[in-house]
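Right, one structure below, let's go through it.
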Amino acid sequence: MMRVTFVHADGKGRTEVEAEPGSILLDVAQAHLMPLEGTCEGQMACSTCHVIVAKEDFDRLPPASEMEEDMLDLAAGVRRTSRLSCQISLTAEMGALTVHIPSESRNMQGPR
């Protein structure tokens, strides 16, 4: 198991969860009612699962594909450490991962 910390869109709340290696970050987020829509169901046809990975964790992730980078161009509030959560496969080697829910996701269902 590994630990994933979701920093809520308001920047004040946090939700820490355990996740199985091999899980997709979007699935973990949705299972814990984080406000990430994932409209395209992981097909990289939207950017509604955009998250901002903590700087200290970002370099431990495999690089984003060109297609993912293209989709991130459509997301609101993109930062240097932005990723699509549907493209992050969790591994035991990560140990822990902290991601920030963008403020643009606040209007979706989930913790605020």
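In the structure tokens, chains take letters A, B, ... by order of appearance, with residues numbered from 1 within each chain and ligands from 1 in the order shown.
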
Task: strand (DSSP E) residues, from DSSP on the backbone, in chain A, as a PyMOL selection string - done: chain A and resi 2-7+14-19+50-53+82-84+96-100

Task: Who sits within 10 Å of Val17 of chain A, only C-alpha atoms, same chain under 3 positions skipped, as JSON, numbers by chain - done: {"A": [1, 2, 3, 4, 5, 6, 14, 28, 29, 32, 96]}

Based on the selection just made, write N, CA and C atoms of those residues as a PDB file, in the first residue's frame.
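selection.pdb, written as the output of this step:
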ATOM      1  N   MET A   1       0.836  -1.189   0.000  1.00  0.00           N
ATOM      2  CA  MET A   1       0.000   0.000   0.000  1.00  0.00           C
ATOM      3  C   MET A   1       0.876   1.245   0.000  1.00  0.00           C
ATOM      4  N   MET A   2       0.334   2.288  -0.542  1.00  0.00           N
ATOM      5  CA  MET A   2       1.019   3.574  -0.510  1.00  0.00           C
ATOM      6  C   MET A   2       0.041   4.632  -0.040  1.00  0.00           C
ATOM      7  N   ARG A   3       0.576   5.759   0.378  1.00  0.00           N
ATOM      8  CA  ARG A   3      -0.258   6.833   0.898  1.00  0.00           C
ATOM      9  C   ARG A   3      -0.388   7.927  -0.159  1.00  0.00           C
ATOM     10  N   VAL A   4      -1.629   8.382  -0.354  1.00  0.00           N
ATOM     11  CA  VAL A   4      -1.904   9.511  -1.233  1.00  0.00           C
ATOM     12  C   VAL A   4      -2.572  10.577  -0.387  1.00  0.00           C
ATOM     13  N   THR A   5      -2.048  11.794  -0.477  1.00  0.00           N
ATOM     14  CA  THR A   5      -2.644  12.930   0.222  1.00  0.00           C
ATOM     15  C   THR A   5      -3.224  13.871  -0.819  1.00  0.00           C
ATOM     16  N   PHE A   6      -4.518  14.132  -0.685  1.00  0.00           N
ATOM     17  CA  PHE A   6      -5.205  15.090  -1.537  1.00  0.00           C
ATOM     18  C   PHE A   6      -5.360  16.381  -0.756  1.00  0.00           C
ATOM     19  N   ARG A  14      -7.267  18.445   3.967  1.00  0.00           N
ATOM     20  CA  ARG A  14      -6.483  17.357   3.379  1.00  0.00           C
ATOM     21  C   ARG A  14      -7.222  16.055   3.616  1.00  0.00           C
ATOM     22  N   VAL A  28      -8.602   6.381  -7.517  1.00  0.00           N
ATOM     23  CA  VAL A  28      -8.434   6.549  -6.068  1.00  0.00           C
ATOM     24  C   VAL A  28      -9.131   7.829  -5.622  1.00  0.00           C
ATOM     25  N   ALA A  29      -8.941   8.898  -6.368  1.00  0.00           N
ATOM     26  CA  ALA A  29      -9.570  10.182  -6.033  1.00  0.00           C
ATOM     27  C   ALA A  29     -11.087  10.064  -6.032  1.00  0.00           C
ATOM     28  N   HIS A  32     -12.684   8.253  -3.171  1.00  0.00           N
ATOM     29  CA  HIS A  32     -12.674   9.008  -1.912  1.00  0.00           C
ATOM     30  C   HIS A  32     -13.352  10.365  -2.062  1.00  0.00           C
ATOM     31  N   ALA A  96       4.693   7.563  -1.297  1.00  0.00           N
ATOM     32  CA  ALA A  96       3.644   8.524  -0.977  1.00  0.00           C
ATOM     33  C   ALA A  96       3.571   9.541  -2.107  1.00  0.00           C
TER      34      ALA A  96
END

Open item on the list: Could you list, as a list in words, every residue within 9 Å of Ala76 of chain A, counting only C-alpha atoms and ignoring same-chain residues fewer than 4 positions away?
Closed with: Ser47, His50, Leu72, Pro102 and Glu104 of chain A

For the selection just defined, write its residues with N, CA and C atoms to a file, as a short mmCIF file (atom, residue, chain, number, x, y, z; two decimals), in the first residue's frame.
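What landed in result-v6.cif:
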data_model
loop_
_atom_site.label_atom_id
_atom_site.label_comp_id
_atom_site.auth_asym_id
_atom_site.auth_seq_id
_atom_site.Cartn_x
_atom_site.Cartn_y
_atom_site.Cartn_z
N SER A 47 -9.65 17.37 -19.81
CA SER A 47 -8.69 17.70 -18.76
C SER A 47 -9.39 17.87 -17.41
N HIS A 50 -7.48 17.04 -13.98
CA HIS A 50 -6.24 17.77 -13.75
C HIS A 50 -5.95 17.90 -12.26
N LEU A 72 -3.33 19.03 -21.17
CA LEU A 72 -3.09 19.99 -20.08
C LEU A 72 -3.16 21.43 -20.58
N PRO A 102 -7.11 21.43 -8.04
CA PRO A 102 -7.16 22.82 -8.50
C PRO A 102 -8.44 23.51 -8.03
N GLU A 104 -10.33 25.29 -9.62
CA GLU A 104 -11.37 25.18 -10.65
C GLU A 104 -12.21 23.93 -10.48
#

TODO: Choose the residue, out of A:Ile101, A:Cys46, A:Met94, A:Val53, that has the smallest atom-to-atom separation from Leu74 of chain A; count only C-alpha atoms.
DONE: A:Cys46

Task: Non-local contacts of Glu93 of chain A (12 Å; only C-alpha atoms; under 6 positions in same chain excluded) as a PyMOL selection string - done: chain A and resi 1-3+20-22+57+60-62

Task: Counting only C-alpha atoms, the residue of A:Val7, A:Ile52, A:Ala19, A:Cys86 that sits nearest Cys40 of chain A - done: A:Cys86

TODO: Would you please extract all alpha helix (DSSP H) residues from chain A, as assigned by DSSP on the backbone, and give them as a list in words?
DONE: Leu25, Leu26, Asp27, Val28, Ala29, Gln30, Ala31, Lys55, Glu56, Asp57, Phe58, Glu66, Met67, Glu68, Glu69, Asp70, Met71 and Leu72 of chain A

Grab the residues selected above and save them as a tab-separated table (two decimals), in the first residue's frame with all heavy atoms.
chain	number	residue	atom	x	y	z
A	25	LEU	N	-4.53	7.06	-10.24
A	25	LEU	CA	-4.82	8.13	-9.29
A	25	LEU	C	-6.25	8.65	-9.41
A	25	LEU	O	-6.89	8.90	-8.39
A	25	LEU	CB	-3.81	9.27	-9.46
A	25	LEU	CG	-3.96	10.43	-8.48
A	25	LEU	CD1	-3.81	9.98	-7.03
A	25	LEU	CD2	-2.96	11.53	-8.82
A	26	LEU	N	-6.77	8.80	-10.60
A	26	LEU	CA	-8.15	9.27	-10.77
A	26	LEU	C	-9.14	8.35	-10.07
A	26	LEU	O	-10.06	8.81	-9.39
A	26	LEU	CB	-8.51	9.41	-12.26
A	26	LEU	CG	-9.97	9.79	-12.55
A	26	LEU	CD1	-10.33	11.14	-11.93
A	26	LEU	CD2	-10.22	9.79	-14.05
A	27	ASP	N	-8.95	7.04	-10.22
A	27	ASP	CA	-9.86	6.08	-9.57
A	27	ASP	C	-9.79	6.20	-8.06
A	27	ASP	O	-10.83	6.14	-7.37
A	27	ASP	CB	-9.50	4.65	-9.99
A	27	ASP	CG	-9.70	4.41	-11.49
A	27	ASP	OD1	-10.51	5.13	-12.11
A	27	ASP	OD2	-9.04	3.50	-12.02
A	28	VAL	N	-8.60	6.38	-7.52
A	28	VAL	CA	-8.43	6.55	-6.07
A	28	VAL	C	-9.13	7.83	-5.62
A	28	VAL	O	-9.86	7.84	-4.62
A	28	VAL	CB	-6.94	6.57	-5.69
A	28	VAL	CG1	-6.74	6.91	-4.22
A	28	VAL	CG2	-6.28	5.23	-6.03
A	29	ALA	N	-8.94	8.90	-6.37
A	29	ALA	CA	-9.57	10.18	-6.03
A	29	ALA	C	-11.09	10.06	-6.03
A	29	ALA	O	-11.75	10.49	-5.08
A	29	ALA	CB	-9.12	11.26	-7.01
A	30	GLN	N	-11.64	9.48	-7.06
A	30	GLN	CA	-13.09	9.36	-7.15
A	30	GLN	C	-13.65	8.43	-6.07
A	30	GLN	O	-14.72	8.69	-5.53
A	30	GLN	CB	-13.49	8.88	-8.54
A	30	GLN	CG	-13.28	9.95	-9.58
A	30	GLN	CD	-13.61	9.49	-10.99
A	30	GLN	OE1	-13.56	8.30	-11.31
A	30	GLN	NE2	-13.95	10.44	-11.84
A	31	ALA	N	-12.92	7.39	-5.72
A	31	ALA	CA	-13.38	6.47	-4.66
A	31	ALA	C	-13.45	7.17	-3.31
A	31	ALA	O	-14.20	6.74	-2.43
A	31	ALA	CB	-12.45	5.26	-4.58
A	55	LYS	N	5.63	19.60	-5.59
A	55	LYS	CA	6.94	19.73	-6.23
A	55	LYS	C	7.89	18.60	-5.83
A	55	LYS	O	8.61	18.07	-6.66
A	55	LYS	CB	7.57	21.08	-5.87
A	55	LYS	CG	6.87	22.24	-6.50
A	55	LYS	CD	7.45	23.55	-6.04
A	55	LYS	CE	6.58	24.69	-6.55
A	55	LYS	NZ	6.97	25.97	-6.00
A	56	GLU	N	7.86	18.21	-4.55
A	56	GLU	CA	8.78	17.17	-4.09
A	56	GLU	C	8.45	15.78	-4.64
A	56	GLU	O	9.29	14.88	-4.60
A	56	GLU	CB	8.84	17.14	-2.56
A	56	GLU	CG	7.52	16.87	-1.88
A	56	GLU	CD	6.67	18.11	-1.60
A	56	GLU	OE1	6.95	19.19	-2.14
A	56	GLU	OE2	5.70	17.97	-0.84
A	57	ASP	N	7.26	15.60	-5.17
A	57	ASP	CA	6.85	14.31	-5.73
A	57	ASP	C	6.89	14.28	-7.25
A	57	ASP	O	6.95	13.21	-7.86
A	57	ASP	CB	5.43	13.95	-5.27
A	57	ASP	CG	5.34	13.74	-3.78
A	57	ASP	OD1	6.37	13.41	-3.15
A	57	ASP	OD2	4.23	13.91	-3.22
A	58	PHE	N	6.84	15.43	-7.88
A	58	PHE	CA	6.68	15.52	-9.33
A	58	PHE	C	7.78	14.79	-10.10
A	58	PHE	O	7.50	14.06	-11.05
A	58	PHE	CB	6.63	16.99	-9.76
A	58	PHE	CG	6.37	17.18	-11.22
A	58	PHE	CD1	5.10	17.00	-11.74
A	58	PHE	CD2	7.39	17.54	-12.08
A	58	PHE	CE1	4.84	17.17	-13.09
A	58	PHE	CE2	7.15	17.71	-13.44
A	58	PHE	CZ	5.88	17.53	-13.94
A	66	GLU	N	3.28	13.34	-24.81
A	66	GLU	CA	2.94	14.52	-25.61
A	66	GLU	C	1.43	14.74	-25.64
A	66	GLU	O	0.95	15.88	-25.56
A	66	GLU	CB	3.49	14.36	-27.03
A	66	GLU	CG	3.33	15.60	-27.88
A	66	GLU	CD	3.98	15.46	-29.25
A	66	GLU	OE1	4.96	14.72	-29.39
A	66	GLU	OE2	3.48	16.12	-30.17
A	67	MET	N	0.67	13.66	-25.72
A	67	MET	CA	-0.79	13.76	-25.74
A	67	MET	C	-1.31	14.34	-24.42
A	67	MET	O	-2.22	15.18	-24.41
A	67	MET	CB	-1.41	12.39	-26.02
A	67	MET	CG	-2.87	12.43	-26.30
A	67	MET	SD	-3.38	10.79	-26.86
A	67	MET	CE	-5.13	11.02	-26.89
A	68	GLU	N	-0.73	13.89	-23.30
A	68	GLU	CA	-1.14	14.43	-22.01
A	68	GLU	C	-0.80	15.91	-21.92
A	68	GLU	O	-1.62	16.72	-21.45
A	68	GLU	CB	-0.47	13.67	-20.86
A	68	GLU	CG	-0.89	14.18	-19.49
A	68	GLU	CD	-0.25	13.44	-18.33
A	68	GLU	OE1	0.46	12.44	-18.55
A	68	GLU	OE2	-0.46	13.88	-17.18
A	69	GLU	N	0.37	16.29	-22.37
A	69	GLU	CA	0.77	17.71	-22.39
A	69	GLU	C	-0.22	18.53	-23.20
A	69	GLU	O	-0.60	19.64	-22.81
A	69	GLU	CB	2.18	17.87	-22.96
A	69	GLU	CG	3.27	17.30	-22.09
A	69	GLU	CD	3.58	18.14	-20.87
A	69	GLU	OE1	3.12	19.30	-20.78
A	69	GLU	OE2	4.29	17.63	-19.98
A	70	ASP	N	-0.66	17.99	-24.34
A	70	ASP	CA	-1.64	18.69	-25.17
A	70	ASP	C	-2.96	18.90	-24.43
A	70	ASP	O	-3.58	19.96	-24.52
A	70	ASP	CB	-1.90	17.94	-26.48
A	70	ASP	CG	-0.73	18.00	-27.44
A	70	ASP	OD1	0.19	18.84	-27.23
A	70	ASP	OD2	-0.71	17.19	-28.39
A	71	MET	N	-3.41	17.89	-23.70
A	71	MET	CA	-4.65	18.01	-22.93
A	71	MET	C	-4.50	19.00	-21.78
A	71	MET	O	-5.43	19.75	-21.47
A	71	MET	CB	-5.08	16.65	-22.37
A	71	MET	CG	-5.77	15.75	-23.36
A	71	MET	SD	-7.36	16.41	-23.89
A	71	MET	CE	-6.98	16.95	-25.55
A	72	LEU	N	-3.33	19.03	-21.17
A	72	LEU	CA	-3.09	19.99	-20.08
A	72	LEU	C	-3.16	21.43	-20.58
A	72	LEU	O	-3.50	22.33	-19.82
A	72	LEU	CB	-1.76	19.71	-19.39
A	72	LEU	CG	-1.76	18.51	-18.46
A	72	LEU	CD1	-0.33	18.14	-18.07
A	72	LEU	CD2	-2.61	18.78	-17.22
